[in-house]
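Below is the file protein.cif, which contains mmCIF, C-alpha atoms.
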```
data_my_file
#
loop_
_atom_site.label_atom_id
_atom_site.label_comp_id
_atom_site.auth_asym_id
_atom_site.auth_seq_id
_atom_site.Cartn_x
_atom_site.Cartn_y
_atom_site.Cartn_z
CA MET A 1 145.03 54.63 -47.76
CA GLN A 2 147.64 57.31 -48.36
CA THR A 3 150.86 56.00 -49.95
CA HIS A 4 154.14 57.73 -50.85
CA LYS A 5 156.42 57.22 -53.82
CA ALA A 6 159.81 55.60 -53.08
CA LYS A 7 162.62 53.76 -54.85
CA ARG A 8 163.53 50.17 -54.11
CA VAL A 9 167.20 49.50 -54.92
CA GLU A 10 168.25 45.84 -55.14
CA ILE A 11 171.97 45.16 -55.18
CA THR A 12 173.04 41.55 -55.75
CA ILE A 13 176.72 41.29 -54.81
CA GLU A 14 179.38 38.75 -53.79
CA LYS A 15 179.14 37.91 -50.09
CA ILE A 16 182.76 38.92 -49.55
CA MET A 17 181.86 42.49 -50.58
CA LEU A 18 178.85 42.81 -48.26
CA SER A 19 180.54 44.58 -45.35
CA ARG A 20 182.19 47.04 -47.73
CA LEU A 21 178.90 47.82 -49.43
CA THR A 22 176.92 48.30 -46.22
CA ALA A 23 179.71 50.49 -44.80
CA ALA A 24 179.62 52.65 -47.94
CA ILE A 25 175.85 53.09 -47.99
CA GLU A 26 175.75 53.81 -44.25
CA LYS A 27 178.43 56.45 -44.83
CA ALA A 28 176.05 57.98 -47.38
CA ASP A 29 173.45 58.20 -44.58
CA VAL A 30 171.36 55.32 -45.89
CA THR A 31 170.90 53.39 -42.69
CA GLY A 32 167.87 51.30 -43.60
CA TYR A 33 168.45 48.16 -45.65
CA SER A 34 167.83 44.42 -45.59
CA VAL A 35 170.30 41.66 -46.50
CA LEU A 36 168.95 38.46 -48.04
CA PRO A 37 170.88 35.27 -48.85
CA VAL A 38 170.95 34.11 -52.45
CA PHE A 39 170.72 30.32 -52.61
CA GLY A 40 172.07 29.92 -56.09
CA GLY A 41 171.70 31.11 -59.60
CA SER A 42 173.31 31.38 -62.97
CA GLY A 43 175.32 34.08 -64.67
CA LYS A 44 178.12 34.63 -67.16
CA SER A 45 180.30 32.05 -65.36
CA GLY A 46 177.52 29.42 -65.35
CA ALA A 47 175.29 28.01 -62.64
CA TRP A 48 176.28 27.99 -58.97
CA THR A 49 174.76 26.94 -55.66
CA ARG A 50 175.48 27.69 -52.02
CA GLU A 51 175.38 24.01 -51.10
CA GLY A 52 178.71 22.65 -49.98
CA SER A 53 180.39 26.02 -50.32
CA ILE A 54 183.42 26.26 -48.07
CA GLY A 55 185.13 29.50 -48.96
CA ARG A 56 184.59 32.92 -47.43
CA GLY A 57 184.44 34.38 -50.91
CA ASP A 58 181.72 32.03 -52.11
CA GLY A 59 178.15 32.99 -52.74
CA MET A 60 176.08 36.08 -53.31
CA VAL A 61 173.80 38.18 -51.15
CA GLN A 62 171.17 40.76 -51.97
CA VAL A 63 171.00 44.14 -50.27
CA ILE A 64 167.64 45.87 -50.53
CA CYS A 65 167.18 49.57 -49.72
CA ILE A 66 163.93 51.49 -49.97
CA ILE A 67 164.58 55.24 -50.06
CA ARG A 68 163.04 58.57 -50.95
CA PRO A 69 163.48 59.34 -54.68
CA ASP A 70 165.62 62.42 -53.92
CA ARG A 71 168.16 60.18 -52.07
CA LEU A 72 168.59 57.79 -55.01
CA ASP A 73 171.67 59.37 -56.60
CA THR A 74 173.52 59.58 -53.29
CA LEU A 75 172.89 55.87 -52.69
CA LEU A 76 173.84 54.84 -56.21
CA ASP A 77 177.08 56.85 -56.12
CA ALA A 78 178.08 55.21 -52.84
CA ALA A 79 177.11 51.71 -53.97
CA PHE A 80 178.67 52.00 -57.39
CA ALA A 81 182.03 52.99 -55.93
CA VAL A 82 182.10 49.58 -54.22
CA VAL A 83 180.51 47.29 -56.78
CA GLU A 84 181.92 48.82 -59.97
CA ARG A 85 184.68 46.20 -60.49
CA HIS A 86 182.75 43.25 -59.10
CA ILE A 87 180.25 40.63 -60.19
CA GLY A 88 176.72 41.75 -59.39
CA VAL A 89 173.54 43.43 -60.46
CA VAL A 90 172.04 46.76 -59.38
CA SER A 91 168.38 47.35 -60.20
CA ILE A 92 165.95 50.13 -59.26
CA VAL A 93 162.21 49.71 -59.00
CA ASP A 94 159.51 52.33 -58.37
CA CYS A 95 157.47 51.47 -55.32
CA GLU A 96 155.14 52.99 -52.78
CA VAL A 97 155.38 52.97 -48.99
CA LEU A 98 152.88 53.67 -46.27
CA ARG A 99 155.06 55.60 -43.81
CA ALA A 100 157.21 58.11 -45.71
CA GLU A 101 158.93 59.38 -42.57
CA LEU A 102 160.78 56.07 -42.21
CA PHE A 103 162.65 56.40 -45.51
CA MET B 104 208.09 0.35 -48.39
CA ASP B 105 208.20 1.26 -52.10
CA ILE B 106 206.17 4.05 -53.62
CA PHE B 107 203.67 1.73 -55.31
CA SER B 108 202.73 -0.22 -52.21
CA LEU B 109 202.60 3.04 -50.22
CA THR B 110 200.33 4.59 -52.84
CA ALA B 111 198.11 1.51 -52.87
CA GLU B 112 197.95 1.55 -49.09
CA THR B 113 197.04 5.24 -48.86
CA LEU B 114 194.55 5.00 -51.73
CA VAL B 115 192.49 2.29 -50.12
CA THR B 116 191.56 4.26 -47.02
CA PRO B 117 188.12 5.56 -46.04
CA ILE B 118 189.44 9.13 -46.33
CA VAL B 119 190.60 8.93 -49.96
CA LEU B 120 187.71 6.70 -51.01
CA SER B 121 185.20 9.15 -49.51
CA PHE B 122 186.77 11.91 -51.59
CA VAL B 123 186.61 9.72 -54.71
CA LEU B 124 182.93 9.00 -53.99
CA GLY B 125 182.16 12.73 -53.81
CA LEU B 126 184.12 13.35 -57.00
CA PHE B 127 182.26 10.54 -58.77
CA ALA B 128 178.86 11.78 -57.54
CA ALA B 129 179.52 15.28 -58.89
CA LEU B 130 180.89 14.07 -62.21
CA VAL B 131 177.84 11.85 -62.87
CA ARG B 132 175.57 14.74 -61.76
CA SER B 133 174.10 12.96 -58.75
CA ASP B 134 172.09 15.23 -56.44
CA LEU B 135 174.24 14.15 -53.47
CA SER B 136 175.18 17.25 -51.50
CA ILE B 137 176.22 18.29 -48.01
CA PRO B 138 174.26 21.29 -46.65
CA GLU B 139 176.36 24.44 -46.32
CA ALA B 140 175.91 24.68 -42.53
CA ILE B 141 177.08 21.09 -41.99
CA ALA B 142 180.13 21.60 -44.25
CA LYS B 143 181.05 24.74 -42.28
CA GLY B 144 180.48 22.91 -38.97
CA MET B 145 182.79 20.07 -40.03
CA SER B 146 185.47 22.50 -41.15
CA LEU B 147 185.28 24.28 -37.75
CA TYR B 148 185.59 20.92 -35.98
CA LEU B 149 188.60 19.84 -38.04
CA LEU B 150 190.40 23.16 -37.54
CA PHE B 151 189.79 23.05 -33.80
CA ALA B 152 190.91 19.43 -33.48
CA ILE B 153 194.09 19.79 -35.55
CA GLY B 154 195.00 23.06 -33.83
CA PHE B 155 194.39 21.66 -30.36
CA LYS B 156 196.39 18.48 -30.98
CA GLY B 157 199.24 20.52 -32.44
CA GLY B 158 199.34 22.72 -29.34
CA VAL B 159 199.38 19.70 -27.03
CA SER B 160 202.24 18.20 -29.02
CA LEU B 161 204.22 21.45 -28.75
CA ALA B 162 203.58 21.57 -24.99
CA ASP B 163 205.07 18.07 -24.75
CA HIS B 164 208.17 18.76 -26.81
CA GLY B 165 208.85 22.40 -25.96
CA ILE B 166 209.89 25.35 -28.11
CA ASP B 167 213.27 25.24 -29.84
CA LEU B 168 215.25 26.92 -32.60
CA THR B 169 213.90 24.51 -35.24
CA LEU B 170 210.40 25.84 -34.61
CA GLY B 171 211.49 29.42 -35.29
CA LEU B 172 213.46 28.40 -38.38
CA THR B 173 210.55 26.36 -39.76
CA LEU B 174 208.11 29.23 -39.21
CA LEU B 175 210.48 31.62 -40.97
CA ALA B 176 211.02 29.13 -43.79
CA GLY B 177 207.24 28.74 -44.17
CA VAL B 178 206.75 32.49 -44.55
CA ILE B 179 209.59 32.72 -47.10
CA LEU B 180 208.29 29.72 -49.06
CA SER B 181 204.79 31.17 -49.15
CA ALA B 182 206.15 34.46 -50.52
CA LEU B 183 208.57 32.89 -53.04
CA ILE B 184 206.53 30.00 -54.49
CA PRO B 185 204.08 32.38 -56.26
CA LEU B 186 206.98 33.97 -58.13
CA ILE B 187 208.07 30.55 -59.42
CA ALA B 188 204.48 29.55 -60.16
CA TYR B 189 203.91 32.77 -62.09
CA ALA B 190 207.00 32.26 -64.24
CA ILE B 191 205.98 28.66 -65.04
CA LEU B 192 202.40 29.65 -65.84
CA ARG B 193 203.52 32.40 -68.22
CA VAL B 194 205.66 29.87 -70.10
CA LEU B 195 203.28 26.89 -70.01
CA SER B 196 199.84 28.44 -70.39
CA GLY B 197 198.09 31.15 -72.31
CA LEU B 198 196.79 32.82 -69.15
CA SER B 199 196.93 36.61 -68.92
CA ALA B 200 199.37 38.21 -66.48
CA LEU B 201 196.45 39.00 -64.16
CA ASP B 202 195.04 35.46 -64.12
CA ALA B 203 198.53 33.96 -63.82
CA ALA B 204 199.29 36.16 -60.79
CA ALA B 205 195.98 35.24 -59.16
CA VAL B 206 196.65 31.51 -59.71
CA ALA B 207 200.24 31.91 -58.46
CA GLY B 208 198.97 33.40 -55.19
CA HIS B 209 196.90 30.27 -54.56
CA TYR B 210 199.95 28.01 -54.94
CA GLY B 211 202.04 29.94 -52.43
CA SER B 212 199.31 29.61 -49.83
CA ILE B 213 198.17 26.29 -48.39
CA SER B 214 195.31 23.80 -48.22
CA ILE B 215 194.65 22.90 -44.60
CA VAL B 216 192.56 19.87 -45.66
CA THR B 217 195.52 18.41 -47.58
CA PHE B 218 197.64 19.08 -44.47
CA VAL B 219 195.12 17.26 -42.26
CA ALA B 220 195.00 14.33 -44.73
CA ALA B 221 198.82 14.15 -44.63
CA THR B 222 198.85 14.06 -40.82
CA SER B 223 196.32 11.23 -41.04
CA VAL B 224 198.63 9.27 -43.40
CA LEU B 225 201.57 9.88 -41.04
CA GLU B 226 199.55 8.61 -38.08
CA SER B 227 198.45 5.50 -39.97
CA GLN B 228 202.11 4.84 -40.90
CA GLY B 229 203.24 5.41 -37.31
CA ILE B 230 205.47 8.34 -38.29
CA ALA B 231 205.78 11.16 -35.72
CA TYR B 232 205.58 14.84 -36.67
CA ASP B 233 206.03 18.10 -34.79
CA GLY B 234 202.86 19.74 -33.50
CA TYR B 235 204.13 23.21 -34.39
CA MET B 236 203.66 22.41 -38.09
CA VAL B 237 200.08 23.60 -37.53
CA ALA B 238 201.47 27.06 -36.73
CA VAL B 239 203.64 26.86 -39.86
CA ALA B 240 200.50 26.12 -41.89
CA ALA B 241 198.81 29.22 -40.46
CA ALA B 242 201.90 31.36 -41.15
CA MET B 243 201.93 30.26 -44.80
CA GLU B 244 198.38 31.43 -45.57
CA ALA B 245 198.94 35.13 -46.17
CA PRO B 246 202.39 36.03 -47.61
CA ALA B 247 201.46 34.49 -50.98
CA ILE B 248 198.63 37.00 -51.36
CA LEU B 249 201.09 39.88 -51.10
CA SER B 250 203.33 38.25 -53.70
CA ALA B 251 200.39 37.84 -56.11
CA LEU B 252 199.43 41.50 -55.71
CA TRP B 253 203.03 42.54 -56.21
CA LEU B 254 203.15 40.51 -59.44
CA VAL B 255 200.04 42.28 -60.73
CA THR B 256 201.27 45.74 -59.74
CA ARG B 257 204.61 45.01 -61.40
CA SER B 258 203.07 43.79 -64.67
CA LYS B 259 200.23 46.26 -65.20
CA GLY B 260 198.96 47.71 -61.96
CA GLY B 261 195.50 47.20 -60.57
CA GLY B 262 196.07 45.04 -57.52
CA THR B 263 194.97 46.85 -54.40
CA MET B 264 195.64 45.88 -50.80
CA GLU B 265 193.23 47.94 -48.74
CA PRO B 266 193.79 47.98 -44.95
CA GLY B 267 190.48 46.21 -44.29
CA LEU B 268 191.47 43.32 -46.53
CA TRP B 269 194.75 42.82 -44.68
CA ARG B 270 192.86 42.58 -41.37
CA GLU B 271 190.37 40.11 -42.90
CA ILE B 272 193.17 37.88 -44.16
CA MET B 273 195.13 37.87 -40.90
CA LEU B 274 192.06 37.50 -38.69
CA ASN B 275 189.87 35.30 -40.86
CA GLY B 276 187.85 32.77 -38.87
CA SER B 277 189.95 29.76 -39.95
CA ILE B 278 193.22 31.33 -38.82
CA VAL B 279 191.78 32.58 -35.53
CA LEU B 280 190.29 29.14 -34.76
CA LEU B 281 193.41 27.21 -35.77
CA ILE B 282 195.82 29.41 -33.80
CA GLY B 283 193.36 29.81 -30.91
CA ALA B 284 192.89 26.03 -30.57
CA PHE B 285 196.67 25.61 -30.90
CA LEU B 286 197.21 28.00 -27.97
CA ILE B 287 194.51 26.28 -25.89
CA GLY B 288 196.20 22.93 -26.56
CA MET B 289 199.61 24.38 -25.68
CA ILE B 290 198.33 25.89 -22.41
CA THR B 291 196.28 22.90 -21.24
CA GLY B 292 198.62 20.15 -22.55
CA GLU B 293 197.98 16.43 -22.08
CA GLU B 294 195.55 17.04 -19.21
CA GLY B 295 193.38 19.21 -21.44
CA LEU B 296 193.57 16.63 -24.21
CA LYS B 297 192.37 13.87 -21.86
CA GLU B 298 189.33 15.97 -20.99
CA ILE B 299 188.19 16.48 -24.57
CA ALA B 300 189.69 13.42 -26.28
CA PRO B 301 186.24 11.94 -27.04
CA LEU B 302 185.59 15.05 -29.16
CA VAL B 303 188.95 15.79 -30.79
CA ILE B 304 190.41 12.28 -31.23
CA ALA B 305 187.75 9.57 -31.62
CA PRO B 306 185.47 11.16 -34.27
CA PHE B 307 188.28 12.91 -36.15
CA LYS B 308 188.78 10.46 -39.02
CA GLY B 309 185.05 9.90 -39.49
CA VAL B 310 184.39 13.64 -39.74
CA LEU B 311 187.37 13.99 -42.08
CA CYS B 312 185.80 11.32 -44.34
CA LEU B 313 182.51 13.22 -44.53
CA PHE B 314 184.32 16.51 -45.09
CA LEU B 315 186.34 14.96 -47.90
CA LEU B 316 183.14 13.56 -49.40
CA ASP B 317 181.97 17.19 -49.58
CA MET B 318 185.33 18.31 -50.96
CA GLY B 319 185.05 15.62 -53.63
CA ILE B 320 181.62 16.94 -54.62
CA ILE B 321 182.95 20.51 -54.76
CA ALA B 322 186.05 19.45 -56.73
CA GLY B 323 183.90 17.47 -59.17
CA ARG B 324 181.52 20.40 -59.67
CA GLY B 325 184.52 22.67 -60.18
CA LEU B 326 185.96 20.33 -62.79
CA ARG B 327 182.63 20.17 -64.61
CA LYS B 328 182.23 23.94 -64.57
CA GLY B 329 185.88 24.57 -65.40
CA ARG B 330 185.87 22.39 -68.51
CA GLY B 331 186.99 24.59 -71.35
CA VAL B 332 188.38 27.26 -69.02
CA LEU B 333 191.85 25.74 -68.74
CA ASP B 334 194.22 25.02 -71.61
CA ALA B 335 196.55 22.00 -71.62
CA GLY B 336 199.43 24.10 -70.26
CA ALA B 337 197.39 25.30 -67.29
CA LEU B 338 196.23 21.75 -66.57
CA ALA B 339 199.85 20.53 -66.69
CA PHE B 340 200.77 23.34 -64.30
CA GLY B 341 198.20 21.99 -61.82
CA ILE B 342 200.24 18.77 -61.58
CA ILE B 343 203.80 20.06 -62.14
CA MET B 344 203.59 22.90 -59.60
CA PRO B 345 202.71 20.76 -56.57
CA ILE B 346 205.54 18.35 -57.38
CA LEU B 347 207.97 21.25 -57.75
CA GLY B 348 206.62 22.85 -54.58
CA SER B 349 207.10 19.59 -52.68
CA LEU B 350 210.73 19.38 -53.85
CA ILE B 351 211.34 22.96 -52.69
CA GLY B 352 209.72 22.04 -49.37
CA LEU B 353 211.90 18.93 -49.12
CA GLY B 354 215.07 20.92 -49.80
CA THR B 355 214.08 23.43 -47.13
CA ALA B 356 213.28 20.64 -44.65
CA VAL B 357 216.72 19.08 -45.23
CA LEU B 358 218.42 22.48 -44.72
CA ILE B 359 216.57 23.02 -41.43
CA GLY B 360 217.09 19.41 -40.36
CA LEU B 361 213.43 18.46 -39.94
CA PRO B 362 212.60 14.83 -39.14
CA LEU B 363 210.65 12.74 -41.68
CA GLY B 364 207.10 13.47 -40.51
CA SER B 365 207.55 17.24 -40.29
CA ALA B 366 209.48 17.26 -43.57
CA LEU B 367 206.52 15.59 -45.28
CA LEU B 368 204.17 18.20 -43.83
CA LEU B 369 206.38 21.06 -45.07
CA MET B 370 206.41 19.39 -48.50
CA VAL B 371 202.61 19.11 -48.46
CA LEU B 372 202.23 22.75 -47.38
CA SER B 373 204.56 23.85 -50.19
CA ALA B 374 202.76 21.61 -52.70
CA SER B 375 199.18 22.49 -51.84
CA ALA B 376 197.10 25.36 -53.12
CA SER B 377 194.57 27.46 -51.24
CA TYR B 378 190.86 27.38 -52.06
CA ILE B 379 189.47 29.21 -49.03
CA ALA B 380 191.55 32.20 -47.90
CA VAL B 381 193.19 33.23 -51.17
CA PRO B 382 190.08 33.08 -53.42
CA ALA B 383 188.31 35.39 -50.96
CA ALA B 384 191.25 37.83 -51.00
CA MET B 385 191.47 37.68 -54.79
CA ARG B 386 187.77 38.45 -55.21
CA VAL B 387 188.33 41.67 -53.26
CA ALA B 388 191.77 42.69 -54.52
CA LEU B 389 191.73 41.34 -58.08
CA PRO B 390 188.06 41.07 -59.08
CA GLU B 391 188.99 41.09 -62.78
CA ALA B 392 190.85 37.78 -62.42
CA ASN B 393 188.69 34.82 -63.47
CA PRO B 394 187.71 32.76 -60.39
CA SER B 395 186.86 29.74 -62.58
CA ILE B 396 190.55 29.46 -63.51
CA TYR B 397 192.09 29.62 -60.05
CA LEU B 398 189.39 27.60 -58.32
CA THR B 399 189.38 24.85 -60.95
CA LEU B 400 193.16 24.57 -60.79
CA SER B 401 193.52 24.58 -57.01
CA LEU B 402 190.39 22.63 -56.10
CA GLY B 403 189.71 20.56 -59.22
CA VAL B 404 193.25 19.59 -60.27
CA THR B 405 195.88 20.11 -57.56
CA PHE B 406 193.80 19.15 -54.52
CA PRO B 407 192.74 15.72 -55.89
CA PHE B 408 196.27 15.11 -57.19
CA ASN B 409 197.84 15.85 -53.82
CA LEU B 410 195.28 13.83 -51.91
CA VAL B 411 195.36 10.72 -54.06
CA LEU B 412 198.88 10.57 -55.55
CA GLY B 413 200.89 13.47 -54.16
CA ILE B 414 201.01 12.59 -50.47
CA PRO B 415 202.32 9.02 -51.02
CA LEU B 416 204.76 10.32 -53.63
CA TYR B 417 206.06 13.02 -51.28
CA LEU B 418 206.34 10.52 -48.42
CA ALA B 419 208.36 8.16 -50.61
CA LEU B 420 210.64 11.04 -51.67
CA ALA B 421 211.10 12.24 -48.11
CA THR B 422 211.80 8.70 -46.91
CA ALA B 423 214.42 8.24 -49.66
CA VAL B 424 216.17 11.54 -48.83
CA ILE B 425 215.77 11.81 -45.05
CA GLY B 426 215.30 8.15 -44.14
CA GLY B 427 212.53 6.57 -42.10
#
```
Just give me the structure as structure tokens.
Amino acid sequence: MQTHKAKRVEITIEKIMLSRLTAAIEKADVTGYSVLPVFGGSGKSGAWTREGSIGRGDGMVQVICIIRPDRLDTLLDAAFAVVERHIGVVSIVDCEVLRAELF
Amino acid sequence: MDIFSLTAETLVTPIVLSFVLGLFAALVRSDLSIPEAIAKGMSLYLLFAIGFKGGVSLADHGIDLTLGLTLLAGVILSALIPLIAYAILRVLSGLSALDAAAVAGHYGSISIVTFVAATSVLESQGIAYDGYMVAVAAAMEAPAILSALWLVTRSKGGGTMEPGLWREIMLNGSIVLLIGAFLIGMITGEEGLKEIAPLVIAPFKGVLCLFLLDMGIIAGRGLRKGRGVLDAGALAFGIIMPILGSLIGLGTAVLIGLPLGSALLLMVLSASASYIAVPAAMRVALPEANPSIYLTLSLGVTFPFNLVLGIPLYLALATAVIGG
């Protein structure tokens, strides 16, 4: 089956920053993304879990965008402007998609 | 009643003991936990119930000058307490200006759970309080955040108050629910209360116990994680600041002429530290500030202190100054 090269960008960010991040990437004309909850983890500040969390600022989410390779820099510029000062991880993975026209 | 018997009486209640159980469970690393959705559901219930009952109480007693003065005093206290907290922190602890300002912002704002626990103590002691204190609690949430950002801008710059953040603070779900339920209670009055009393009155203390069990777990986890983050001066601040805040609240209550119950609530609001609204605002506006420091202090040190020892202490002080 014919496949097409694409980039999968995974941005793990504090939940409180989610609306700012999605607004920024939509402004950069990246309208396709998925948001996943992060149940817990561990980082520089130690382990954490979503259980019992009460604050609006608690927790992390992951935003996943799959885009054409030529759109990568536009997306990263927009995302980095939001996440630069915040806790989080941005990673980029090469992937392949079946329907290139969707990305 | 003297302070020791009052403390003993308020300590041996299901509410405080539930909190202690949660704290114990977290400190001994038990896997006891309350699912996130249930914790959020209980917090929505408590906010609705306390807001509604406050509105009904205001409908009964009417609006007067004292209400306006208390609201104004609450806003001023919320804006001024961070400045005092910041000065004390800079003297007592080795925290950076940025971390000290972020912590200070938490102490100007309020803990609605401590407020609810104080109303529960007042009810068990048969002491009346004004329903509009719920509105004062809501009014005291935000000004402290502005003061914290001003402190940062003044010391080194970096604090930003974007328009979206201001809207989020003023219209965050807790505030909207608290004020909304307050207005519903005020509009529908005693008749409305009769209709939903089985929901907002009967289960209230039981739900509060479970919620405080969860808060105990969170406070215990915070203390465990925060070990090593706070120096002795910062830890001392976590106890000194609520006592000082309560005295400022008491002085203000005397100036306004508040009765005992409302005076205690103003003291508790001035003594408590935020762990919901302000941490969220700080993560957006001051992401470089260390959340382990401000969360451990407000949730791991000051919240347990206020709940277990502070409220009876403040009630004894208020009774001595204002009279029962």
- Query: Any chance you could work out the residue set of the PyMOL selection byres ((chain B and resi 346-355) around 8) here, as a list in words?
  - Reply: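 That expression, the PyMOL selection byres ((chain B and resi 346-355) around 8), corresponds here to Ala176, Leu180, Ile184, Ile342, Ile343, Met344, Pro345, Ala356, Val357, Leu358, Ile359, Ala366, Leu367, Leu369, Met370, Val371, Leu372, Ser373, Ala374, Ser375, Gly413, Tyr417 and Ala421 of chain B.
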- Task: Name the closest residue to chain B among the candidates A:Ile64, A:Ile16, A:Ala24, A:Val90; distances are taken between atoms, counting all atoms listed in the file.
- Result: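 Among the listed residues, A:Ile16 lies closest to chain B.
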Give me the residues of range 312-364 of chain B that have any atom at most 10 Å from an atom of range 205-226 of chain B; for each, the nearest atom pair and the distance in Å, rounded to one decimal. Use all atoms listed in the file, sort by chain and number, and format it as a tab-separated table.
```
residue	atom	partner	partner_atom	distance
B:Cys312	CA	B:Ala220	CA	9.7
B:Phe314	CA	B:Val216	CA	8.9
B:Leu315	CA	B:Val216	CA	8.2
B:Met318	CA	B:Val216	CA	9.1
B:Ala337	CA	B:Val206	CA	9.8
B:Gly341	CA	B:Tyr210	CA	9.3
B:Met344	CA	B:Tyr210	CA	7.8
B:Pro345	CA	B:Tyr210	CA	7.9
B:Gly348	CA	B:Tyr210	CA	8.4
B:Leu363	CA	B:Leu225	CA	9.5
B:Gly364	CA	B:Leu225	CA	6.6
```
- Quick one: apply the PyMOL selection byres ((chain B) within 8 of (chain A)) to the file and drop the selected residues here as a ChimeraX atom specification. /B:136-139,142-143,317-318,320-321,328,378-380,382-384,386-387,390-391,395
- Name every residue that the PyMOL selection byres ((chain B and resi 118) around 7) selects in this structure, writing the answer as a list of chain:residue names with chains first and numbers rising. B:Thr116, B:Pro117, B:Val119, B:Leu120, B:Ser121, B:Phe122, B:Leu311, B:Cys312, B:Leu315
Just C-alpha atoms for this one: save the residues we selected as a PDB file, in the coordinates of the input.
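Done, and the output landed in result08.pdb:
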```pdb
ATOM      1  CA  THR B 116     191.560   4.260 -47.020  1.00  0.00           C
ATOM      2  CA  PRO B 117     188.120   5.560 -46.040  1.00  0.00           C
ATOM      3  CA  VAL B 119     190.600   8.930 -49.960  1.00  0.00           C
ATOM      4  CA  LEU B 120     187.710   6.700 -51.010  1.00  0.00           C
ATOM      5  CA  SER B 121     185.200   9.150 -49.510  1.00  0.00           C
ATOM      6  CA  PHE B 122     186.770  11.910 -51.590  1.00  0.00           C
ATOM      7  CA  LEU B 311     187.370  13.990 -42.080  1.00  0.00           C
ATOM      8  CA  CYS B 312     185.800  11.320 -44.340  1.00  0.00           C
ATOM      9  CA  LEU B 315     186.340  14.960 -47.900  1.00  0.00           C
TER      10      LEU B 315
END
```
- Compile the contact shell of Gln2 in chain A as a list of chain:residue names: residues with an atom at most 12 Å away, counting all atoms listed in the file, same-chain residues fewer than 3 positions apart removed.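 In the requested form, the answer reads A:Lys5, A:Glu96, A:Val97, A:Leu98, A:Arg99, A:Ala100.
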- Task: Write out as a PyMOL selection string which residues come within 6 Å of Gly234 in chain B when counting all atoms listed in the file, dropping same-chain ones fewer than 6 positions away.
- Result: chain B and resi 157+160-161
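Residue nearest Ile187 in chain B within the list B:Leu389, B:Ala247, B:Leu416, B:Leu150: B:Ala247 [criterion: smallest interatomic distance, only C-alpha atoms].
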- CA of Asp73 in chain A and CA of Leu36 in chain A are how many Å apart?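 Between CA of Asp73 in chain A and CA of Leu36 in chain A the gap is 22.8 Å.
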- Best match for closeness to Ala188 in chain B among B:Ile282, B:Ala251, B:Met145, B:Gly426, counting only C-alpha atoms: B:Ala251
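Going from CA of Leu286 in chain B to CA of Ala140 in chain B covers 26.0 Å.
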Can you tell me, as an mmCIF file with C-alpha atoms, in the coordinates of the input, which residues sit within 10 Å of (174.8, 53.7, -47.1) in the file's frame, using all atoms listed in the file?
```cif
data_model
loop_
_atom_site.group_PDB
_atom_site.id
_atom_site.type_symbol
_atom_site.label_atom_id
_atom_site.label_comp_id
_atom_site.auth_asym_id
_atom_site.auth_seq_id
_atom_site.Cartn_x
_atom_site.Cartn_y
_atom_site.Cartn_z
ATOM 1 C CA ARG A 20 182.190 47.040 -47.730
ATOM 2 C CA LEU A 21 178.900 47.820 -49.430
ATOM 3 C CA THR A 22 176.920 48.300 -46.220
ATOM 4 C CA ALA A 23 179.710 50.490 -44.800
ATOM 5 C CA ALA A 24 179.620 52.650 -47.940
ATOM 6 C CA ILE A 25 175.850 53.090 -47.990
ATOM 7 C CA GLU A 26 175.750 53.810 -44.250
ATOM 8 C CA LYS A 27 178.430 56.450 -44.830
ATOM 9 C CA ALA A 28 176.050 57.980 -47.380
ATOM 10 C CA ASP A 29 173.450 58.200 -44.580
ATOM 11 C CA VAL A 30 171.360 55.320 -45.890
ATOM 12 C CA THR A 31 170.900 53.390 -42.690
ATOM 13 C CA GLY A 32 167.870 51.300 -43.600
ATOM 14 C CA TYR A 33 168.450 48.160 -45.650
ATOM 15 C CA CYS A 65 167.180 49.570 -49.720
ATOM 16 C CA THR A 74 173.520 59.580 -53.290
ATOM 17 C CA LEU A 75 172.890 55.870 -52.690
ATOM 18 C CA LEU A 76 173.840 54.840 -56.210
ATOM 19 C CA ASP A 77 177.080 56.850 -56.120
ATOM 20 C CA ALA A 78 178.080 55.210 -52.840
ATOM 21 C CA ALA A 79 177.110 51.710 -53.970
#
```
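Atom pair CA of Ile166 in chain B / CA of Met236 in chain B: separated by 12.1 Å.
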- Item | Pick from A:Glu101, A:Val89, A:Glu10, A:Gly41 nearest to Leu72 in chain A, counting only C-alpha atoms |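 Checking each candidate against Leu72 in chain A, we get A:Glu10 as the closest.
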Can you report as lines of an AutoDock Vina configuration file the centre and edge lengths in Å, to one decimal, of an axis-aligned box around the listed atoms of range 30-45 of chain A padded with 5 Å on each side?
```
center_x = 174.1
center_y = 42.6
center_z = -54.9
size_x = 22.5
size_y = 35.4
size_z = 34.5
```
- Task: Please work out which residues fall within 10 Å of (200.6, 41.1, -51.1), coordinates as given in the file, with only C-alpha atoms counting, and return them as a list in words.
- Result: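 Final list of nearby residues, as requested, is Ala182, Gly208, Ala245, Pro246, Ala247, Ile248, Leu249, Ser250, Ala251, Leu252, Trp253, Leu254, Val255, Thr256, Gly262, Thr263, Met264, Trp269, Ala384 and Ala388 of chain B.
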